>>> print(open('coords_16.cif').read())   # mmCIF, C-alpha atoms and all ligand atoms
data_upload
#
loop_
_atom_site.label_atom_id
_atom_site.label_comp_id
_atom_site.auth_asym_id
_atom_site.auth_seq_id
_atom_site.Cartn_x
_atom_site.Cartn_y
_atom_site.Cartn_z
CA MET I 1 -2.84 -7.78 -9.95
CA LYS I 2 -3.21 -7.04 -13.62
CA VAL I 3 -1.26 -4.30 -15.41
CA LEU I 4 -2.11 -3.39 -18.98
CA GLY I 5 0.68 -2.01 -21.16
CA ILE I 6 -0.26 0.36 -23.97
CA SER I 7 2.37 1.50 -26.46
CA GLY I 8 1.78 4.58 -28.56
CA SER I 9 3.89 3.19 -31.39
CA LEU I 10 2.57 0.89 -34.10
CA ARG I 11 6.02 0.00 -35.40
CA ARG I 12 7.14 -3.64 -35.22
CA ASP I 13 10.52 -2.86 -33.64
CA SER I 14 9.25 -0.02 -31.51
CA HIS I 15 11.50 0.98 -28.63
CA ASN I 16 8.43 1.99 -26.65
CA THR I 17 6.80 -1.40 -27.09
CA ASN I 18 10.11 -3.00 -26.11
CA LEU I 19 10.14 -0.81 -23.01
CA LEU I 20 6.78 -2.31 -22.04
CA ARG I 21 8.04 -5.84 -22.72
CA SER I 22 10.95 -5.08 -20.39
CA ALA I 23 8.53 -3.75 -17.78
CA ALA I 24 6.68 -7.06 -17.97
CA GLU I 25 9.93 -8.95 -17.42
CA THR I 26 11.06 -6.83 -14.47
CA ALA I 27 7.66 -6.88 -12.76
CA GLY I 28 7.20 -9.07 -9.69
CA ASP I 29 5.45 -12.44 -9.72
CA GLU I 30 2.25 -10.89 -8.38
CA VAL I 31 1.87 -8.92 -11.62
CA GLU I 32 0.06 -10.28 -14.65
CA PHE I 33 1.23 -7.98 -17.44
CA GLU I 34 -0.79 -7.79 -20.65
CA LEU I 35 0.56 -5.93 -23.67
CA TRP I 36 -2.35 -4.47 -25.63
CA ASP I 37 -1.85 -4.81 -29.37
CA GLY I 38 -5.04 -3.34 -30.80
CA LEU I 39 -4.07 0.30 -31.33
CA LYS I 40 -3.92 0.16 -35.12
CA ALA I 41 -7.48 -1.17 -35.33
CA VAL I 42 -9.01 1.77 -33.42
CA PRO I 43 -10.89 3.96 -35.92
CA PRO I 44 -10.70 7.74 -35.93
CA TYR I 45 -12.91 9.19 -33.23
CA ASP I 46 -16.32 10.19 -34.55
CA GLU I 47 -18.97 11.23 -32.07
CA ASP I 48 -21.61 9.89 -34.46
CA ASP I 49 -20.10 6.41 -34.05
CA ASP I 50 -19.81 6.74 -30.28
CA THR I 51 -23.09 5.01 -29.56
CA ASP I 52 -24.10 2.23 -27.14
CA GLU I 53 -22.56 -0.20 -29.61
CA ALA I 54 -19.02 1.13 -29.98
CA PRO I 55 -16.75 -0.11 -32.78
CA ALA I 56 -15.33 -3.53 -31.86
CA ALA I 57 -11.73 -2.34 -31.45
CA VAL I 58 -12.90 0.42 -29.11
CA ALA I 59 -15.04 -1.97 -27.09
CA ARG I 60 -12.03 -4.27 -26.72
CA LEU I 61 -9.82 -1.42 -25.53
CA ARG I 62 -12.40 -0.19 -23.03
CA ALA I 63 -12.82 -3.73 -21.70
CA ALA I 64 -9.05 -4.26 -21.46
CA ILE I 65 -8.64 -1.08 -19.41
CA ALA I 66 -11.68 -1.85 -17.26
CA GLY I 67 -10.27 -5.32 -16.54
CA ALA I 68 -6.83 -4.04 -15.53
CA ASP I 69 -5.91 -2.76 -12.09
CA ALA I 70 -3.45 -0.29 -13.57
CA VAL I 71 -2.18 0.86 -16.95
CA LEU I 72 1.38 1.60 -18.04
CA PHE I 73 1.69 3.76 -21.16
CA ALA I 74 4.87 4.04 -23.24
CA THR I 75 4.77 6.86 -25.71
CA PRO I 76 7.02 8.05 -28.49
CA GLU I 77 7.19 11.76 -29.23
CA TYR I 78 5.95 12.87 -32.63
CA ASN I 79 6.64 16.50 -33.43
CA SER I 80 6.91 17.36 -29.74
CA SER I 81 3.62 15.72 -28.85
CA ILE I 82 1.66 12.48 -28.47
CA PRO I 83 1.29 10.28 -31.58
CA GLY I 84 -2.15 10.87 -33.08
CA GLN I 85 -3.15 7.22 -32.87
CA LEU I 86 -2.62 7.15 -29.11
CA LYS I 87 -4.47 10.42 -28.49
CA ASN I 88 -7.30 9.14 -30.67
CA ALA I 89 -7.61 5.92 -28.67
CA ILE I 90 -7.69 7.82 -25.38
CA ASP I 91 -10.38 10.12 -26.78
CA TRP I 92 -12.54 7.04 -27.44
CA VAL I 93 -11.87 5.61 -23.98
CA SER I 94 -12.64 8.93 -22.28
CA ARG I 95 -16.33 8.90 -23.26
CA PRO I 96 -18.66 9.07 -21.45
CA LEU I 97 -16.42 11.08 -19.14
CA ALA I 98 -18.21 10.27 -15.89
CA THR I 99 -18.00 6.49 -16.29
CA ASN I 100 -14.97 5.97 -18.51
CA PRO I 101 -12.73 3.04 -17.50
CA LEU I 102 -9.69 5.26 -16.91
CA ARG I 103 -11.51 7.16 -14.16
CA ASN I 104 -9.54 6.78 -10.89
CA LYS I 105 -7.41 4.08 -12.55
CA PRO I 106 -3.75 4.26 -11.52
CA VAL I 107 -1.71 4.96 -14.64
CA ALA I 108 1.94 5.72 -15.31
CA VAL I 109 3.74 7.04 -18.37
CA VAL I 110 7.19 6.23 -19.75
CA GLY I 111 8.72 7.07 -23.08
CA ALA I 112 11.58 6.32 -25.42
CA SER I 113 13.08 8.34 -28.23
CA THR I 114 16.05 7.98 -30.49
CA GLY I 115 17.27 11.43 -29.49
CA MET I 116 18.57 12.97 -26.30
CA PHE I 117 15.28 13.89 -24.57
CA GLY I 118 13.44 10.57 -24.17
CA ALA I 119 10.02 11.85 -25.26
CA VAL I 120 9.65 14.03 -22.17
CA TRP I 121 7.31 16.53 -23.85
CA SER I 122 5.12 13.78 -25.14
CA GLN I 123 5.08 12.14 -21.72
CA ALA I 124 4.05 15.44 -20.12
CA GLU I 125 1.25 15.89 -22.66
CA LEU I 126 0.07 12.33 -22.17
CA ARG I 127 -0.06 12.86 -18.41
CA LYS I 128 -2.16 15.98 -18.97
CA VAL I 129 -4.57 14.12 -21.28
CA LEU I 130 -4.85 11.16 -18.91
CA GLY I 131 -5.52 13.58 -16.06
CA ALA I 132 -8.38 15.05 -18.09
CA THR I 133 -9.98 11.60 -18.34
CA GLY I 134 -9.97 11.32 -14.55
CA ALA I 135 -7.17 8.76 -14.35
CA ARG I 136 -4.96 8.74 -11.27
CA VAL I 137 -1.68 9.68 -12.94
CA LEU I 138 1.50 8.76 -11.09
CA GLU I 139 4.17 11.43 -11.12
CA GLY I 140 7.12 9.12 -11.79
CA GLU I 141 8.63 9.61 -15.22
CA LEU I 142 11.06 7.52 -17.19
CA ALA I 143 12.82 8.98 -20.21
CA CYS I 144 14.68 6.43 -22.31
CA THR I 145 17.05 8.59 -24.35
CA HIS I 146 19.15 7.38 -27.30
CA ALA I 147 16.94 4.30 -27.40
CA PRO I 148 18.90 2.24 -29.98
CA ALA I 149 21.81 2.07 -27.52
CA ARG I 150 19.65 0.85 -24.63
CA PHE I 151 18.28 -2.34 -26.17
CA ASP I 152 19.98 -5.43 -27.53
CA ASP I 153 19.27 -6.93 -30.95
CA ASP I 154 16.34 -8.87 -29.51
CA GLY I 155 14.78 -5.68 -28.16
CA ARG I 156 15.67 -6.39 -24.52
CA LEU I 157 16.49 -3.41 -22.31
CA ILE I 158 20.16 -3.69 -21.38
CA ASP I 159 20.51 -0.46 -19.43
CA GLU I 160 20.52 -1.54 -15.80
CA GLU I 161 19.62 1.86 -14.38
CA LEU I 162 16.56 2.07 -16.61
CA GLN I 163 15.64 -1.54 -15.73
CA GLY I 164 15.69 -0.62 -12.06
CA ARG I 165 13.63 2.54 -12.51
CA LEU I 166 11.13 0.71 -14.69
CA ALA I 167 10.71 -1.96 -12.01
CA GLU I 168 10.22 0.77 -9.38
CA LEU I 169 7.57 2.47 -11.49
CA VAL I 170 5.67 -0.77 -12.00
CA GLU I 171 5.88 -1.38 -8.25
CA GLU I 172 4.47 2.11 -7.60
CA LEU I 173 1.61 1.27 -9.95
CA VAL I 174 0.95 -1.98 -8.11
CA VAL I 175 0.93 -0.18 -4.75
CA ALA I 176 -1.45 2.50 -6.09
CA ALA I 177 -3.73 -0.18 -7.54
CA GLY I 178 -3.67 -2.09 -4.25
CA GLU I 179 -4.58 1.07 -2.31
CA ARG I 180 -7.44 1.73 -4.71
CA ALA I 181 -8.71 -1.83 -4.38
CA GLY I 182 -8.53 -1.55 -0.60
CA ALA I 183 -10.34 1.77 -0.63
CA VAL I 184 -13.31 0.34 -2.51
CA SER I 185 -13.41 -3.13 -0.88
CA PRO I 186 -16.47 -4.04 1.23
CA ALA I 187 -14.19 -4.36 4.29
CA ALA I 188 -12.92 -0.83 3.81
CA THR I 189 -16.49 0.38 3.38
CA ARG I 190 -17.53 -1.32 6.64
CA ALA I 191 -14.53 0.12 8.49
CA ALA I 192 -15.30 3.66 7.32
C1 LIG K 201 6.56 11.53 -37.30
C2 LIG K 201 7.71 11.51 -36.33
C3 LIG K 201 7.95 12.61 -35.54
C4 LIG K 201 8.97 12.58 -34.59
N1 LIG K 201 9.16 13.65 -33.76
C5 LIG K 201 10.04 13.56 -32.74
C6 LIG K 201 10.12 14.60 -31.76
O1 LIG K 201 9.41 15.58 -31.79
N2 LIG K 201 11.01 14.45 -30.75
C7 LIG K 201 11.82 13.34 -30.64
O2 LIG K 201 12.59 13.23 -29.70
N3 LIG K 201 11.77 12.33 -31.56
C8 LIG K 201 10.89 12.42 -32.60
N4 LIG K 201 10.80 11.41 -33.52
C9 LIG K 201 11.73 10.26 -33.43
C10 LIG K 201 11.20 9.20 -32.48
O3 LIG K 201 11.68 9.49 -31.20
C11 LIG K 201 11.70 7.83 -32.92
O4 LIG K 201 11.23 7.53 -34.20
C12 LIG K 201 11.29 6.74 -31.94
O5 LIG K 201 12.03 5.59 -32.22
C13 LIG K 201 9.80 6.42 -32.06
O6 LIG K 201 9.43 5.49 -31.08
P1 LIG K 201 9.28 3.92 -31.39
O7 LIG K 201 10.65 3.36 -31.53
O8 LIG K 201 8.59 3.40 -30.17
O9 LIG K 201 8.47 3.74 -32.64
C14 LIG K 201 9.80 11.44 -34.48
C15 LIG K 201 9.55 10.33 -35.33
C16 LIG K 201 8.52 10.36 -36.22
C17 LIG K 201 8.25 9.13 -37.08
#
>>> encode(input="coords_16.cif", output="structure tokens")
Amino acid sequence: MKVLGISGSLRRDSHNTNLLRSAAETAGDEVEFELWDGLKAVPPYDEDDDTDEAPAAVARLRAAIAGADAVLFATPEYNSSIPGQLKNAIDWVSRPLATNPLRNKPVAVVGASTGMFGAVWSQAELRKVLGATGARVLEGELACTHAPARFDDDGRLIDEELQGRLAELVEELVVAAGERAGAVSPAATRAA
């Protein structure tokens, strides 16, 4: 079972990226967790460039999502919304809409902020955008508030409640991905 982690922050010491690293650590043995690190290389969306031969960074992102059973997004909140670089990447992935790799893919959204709200508006917007791509968006939400207090100096999540909820969310993703795989397996098709 492969879960791809996508952080909306480009910053080296990003709390959101650290949240994904913690998700990888808390995930069960059955989960292969890959942290995608190509966001900065994705060019601004231009429909003229969205041809059969997509820009290399876009092709890599599309392939990474297509190859994952589920995707976990961690997003900061920039001015009450999704960081532009993350929205831009999803715009690329969403085309063509009917066959985009997020379609029916189980996805979940978490978020961290330095303030008291934990990027909840951004998370809600990201869920809306992912829903528009056709992704299967899990309802579970995880708001990491006052992020600097929740991680140690090495960027490890030290808040046990958040660790537990993060593990639960990853488990929900795994279950959703397993159900999807079962629904499209040849055995399931024969049984139907
Ligand atoms: C351009 C910008 C806009 C921001 N806007 C918000 C905001 O609307 N709400 C909020 O809670 N935090 C806001 N913040 C603070 C972020 O929550 C904080 O920088 C957080 O650490 C970013 O996530 P990261 O650690 O993963 O990079 C903003 C930060 C930046 C750089």
>>> closest_residue(input="coords_16.cif", among="I:Ala74, I:Val137, I:Ile158, I:Ala54", to="ligand LIG 201 (chain K)", atoms="only C-alpha atoms and all ligand atoms")
I:Ala74
>>> atom_distance(input="coords_16.cif", atom1="CA of Asp48 in chain I", atom2="CA of Leu97 in chain I")
16.2 Å
>>> residues_near_ligand(input="coords_16.cif", ligand="ligand LIG 201 (chain K)", cutoff="6 Å", atoms="all atoms listed in the file", output="mmCIF file with C-alpha atoms, keeping the file's coordinate frame")
data_model
loop_
_atom_site.group_PDB
_atom_site.id
_atom_site.type_symbol
_atom_site.label_atom_id
_atom_site.label_comp_id
_atom_site.auth_asym_id
_atom_site.auth_seq_id
_atom_site.Cartn_x
_atom_site.Cartn_y
_atom_site.Cartn_z
ATOM 1 C CA SER I 9 3.890 3.190 -31.390
ATOM 2 C CA ARG I 11 6.020 0.000 -35.400
ATOM 3 C CA SER I 14 9.250 -0.020 -31.510
ATOM 4 C CA HIS I 15 11.500 0.980 -28.630
ATOM 5 C CA ASN I 16 8.430 1.990 -26.650
ATOM 6 C CA THR I 17 6.800 -1.400 -27.090
ATOM 7 C CA PRO I 76 7.020 8.050 -28.490
ATOM 8 C CA GLU I 77 7.190 11.760 -29.230
ATOM 9 C CA TYR I 78 5.950 12.870 -32.630
ATOM 10 C CA ASN I 79 6.640 16.500 -33.430
ATOM 11 C CA SER I 80 6.910 17.360 -29.740
ATOM 12 C CA SER I 113 13.080 8.340 -28.230
ATOM 13 C CA THR I 114 16.050 7.980 -30.490
ATOM 14 C CA GLY I 115 17.270 11.430 -29.490
ATOM 15 C CA PHE I 117 15.280 13.890 -24.570
ATOM 16 C CA ALA I 119 10.020 11.850 -25.260
#
>>> atom_distance(input="coords_16.cif", atom1="CA of Glu168 in chain I", atom2="CA of Lys105 in chain I")
18.2 Å
>>> residues_around(input="coords_16.cif", residues="Arg150 in chain I", least_positions_apart="4", cutoff="10 Å", atoms="all atoms listed in the file", output="count of residues only")
14
>>> residues_around(input="coords_16.cif", residues="Arg60 in chain I", least_positions_apart="6", cutoff="10 Å", atoms="only C-alpha atoms", output="list in words")
Trp36, Gly38, Val42, Ala54 and Ala66 of chain I
>>> closest_residue(input="coords_16.cif", among="I:Ala98, I:Ala24, I:Ala147, I:Leu39", to="Ser7 in chain I", atoms="all atoms listed in the file")
I:Leu39
>>> closest_residue(input="coords_16.cif", among="I:Arg95, I:Leu61, I:Lys87, I:Leu72", to="Arg21 in chain I", atoms="all atoms listed in the file")
I:Leu72
>>> atom_distance(input="coords_16.cif", atom1="CA of Gly28 in chain I", atom2="CA of Leu86 in chain I")
27.1 Å
>>> residues_around(input="coords_16.cif", residues="Val129 in chain I", least_positions_apart="6", cutoff="12 Å", atoms="all atoms listed in the file", output="mmCIF file with C-alpha atoms, in the coordinates of the input")
data_model
loop_
_atom_site.group_PDB
_atom_site.id
_atom_site.type_symbol
_atom_site.label_atom_id
_atom_site.label_comp_id
_atom_site.auth_asym_id
_atom_site.auth_seq_id
_atom_site.Cartn_x
_atom_site.Cartn_y
_atom_site.Cartn_z
ATOM 1 C CA SER I 81 3.620 15.720 -28.850
ATOM 2 C CA ILE I 82 1.660 12.480 -28.470
ATOM 3 C CA LEU I 86 -2.620 7.150 -29.110
ATOM 4 C CA LYS I 87 -4.470 10.420 -28.490
ATOM 5 C CA ASN I 88 -7.300 9.140 -30.670
ATOM 6 C CA ALA I 89 -7.610 5.920 -28.670
ATOM 7 C CA ILE I 90 -7.690 7.820 -25.380
ATOM 8 C CA ASP I 91 -10.380 10.120 -26.780
ATOM 9 C CA VAL I 93 -11.870 5.610 -23.980
ATOM 10 C CA SER I 94 -12.640 8.930 -22.280
ATOM 11 C CA LEU I 102 -9.690 5.260 -16.910
ATOM 12 C CA VAL I 107 -1.710 4.960 -14.640
ATOM 13 C CA VAL I 109 3.740 7.040 -18.370
ATOM 14 C CA SER I 122 5.120 13.780 -25.140
ATOM 15 C CA GLN I 123 5.080 12.140 -21.720
ATOM 16 C CA ALA I 135 -7.170 8.760 -14.350
ATOM 17 C CA ARG I 136 -4.960 8.740 -11.270
ATOM 18 C CA VAL I 137 -1.680 9.680 -12.940
#
>>> closest_residue(input="coords_16.cif", among="I:Ala108, I:Gln163, I:Trp92, I:Ala70", to="Asp50 in chain I", atoms="all atoms listed in the file")
I:Trp92
>>> residues_around(input="coords_16.cif", residues="Ala41 in chain I", least_positions_apart="3", cutoff="9 Å", atoms="only C-alpha atoms", output="number ranges by chain")
I: 37-38, 56-58
>>> closest_residue(input="coords_16.cif", among="I:Gly84, I:Glu161, I:Val120, I:Ala176", to="Lys40 in chain I", atoms="only C-alpha atoms")
I:Gly84
>>> closest_residue(input="coords_16.cif", among="I:Ala124, I:Val3, I:Val110, I:Ala63", to="Gly178 in chain I", atoms="only C-alpha atoms")
I:Val3
>>> residues_around(input="coords_16.cif", residues="Arg165 in chain I", least_positions_apart="6", cutoff="10 Å", atoms="only C-alpha atoms", output="PyMOL selection string")
chain I and resi 23+26+140-142+171
>>> write_last_selection(input="coords_16.cif", atoms="C-alpha atoms", output="short mmCIF file (atom, residue, chain, number, x, y, z; two decimals), keeping the file's coordinate frame")
data_model
loop_
_atom_site.label_atom_id
_atom_site.label_comp_id
_atom_site.auth_asym_id
_atom_site.auth_seq_id
_atom_site.Cartn_x
_atom_site.Cartn_y
_atom_site.Cartn_z
CA ALA I 23 8.53 -3.75 -17.78
CA THR I 26 11.06 -6.83 -14.47
CA GLY I 140 7.12 9.12 -11.79
CA GLU I 141 8.63 9.61 -15.22
CA LEU I 142 11.06 7.52 -17.19
CA GLU I 171 5.88 -1.38 -8.25
#
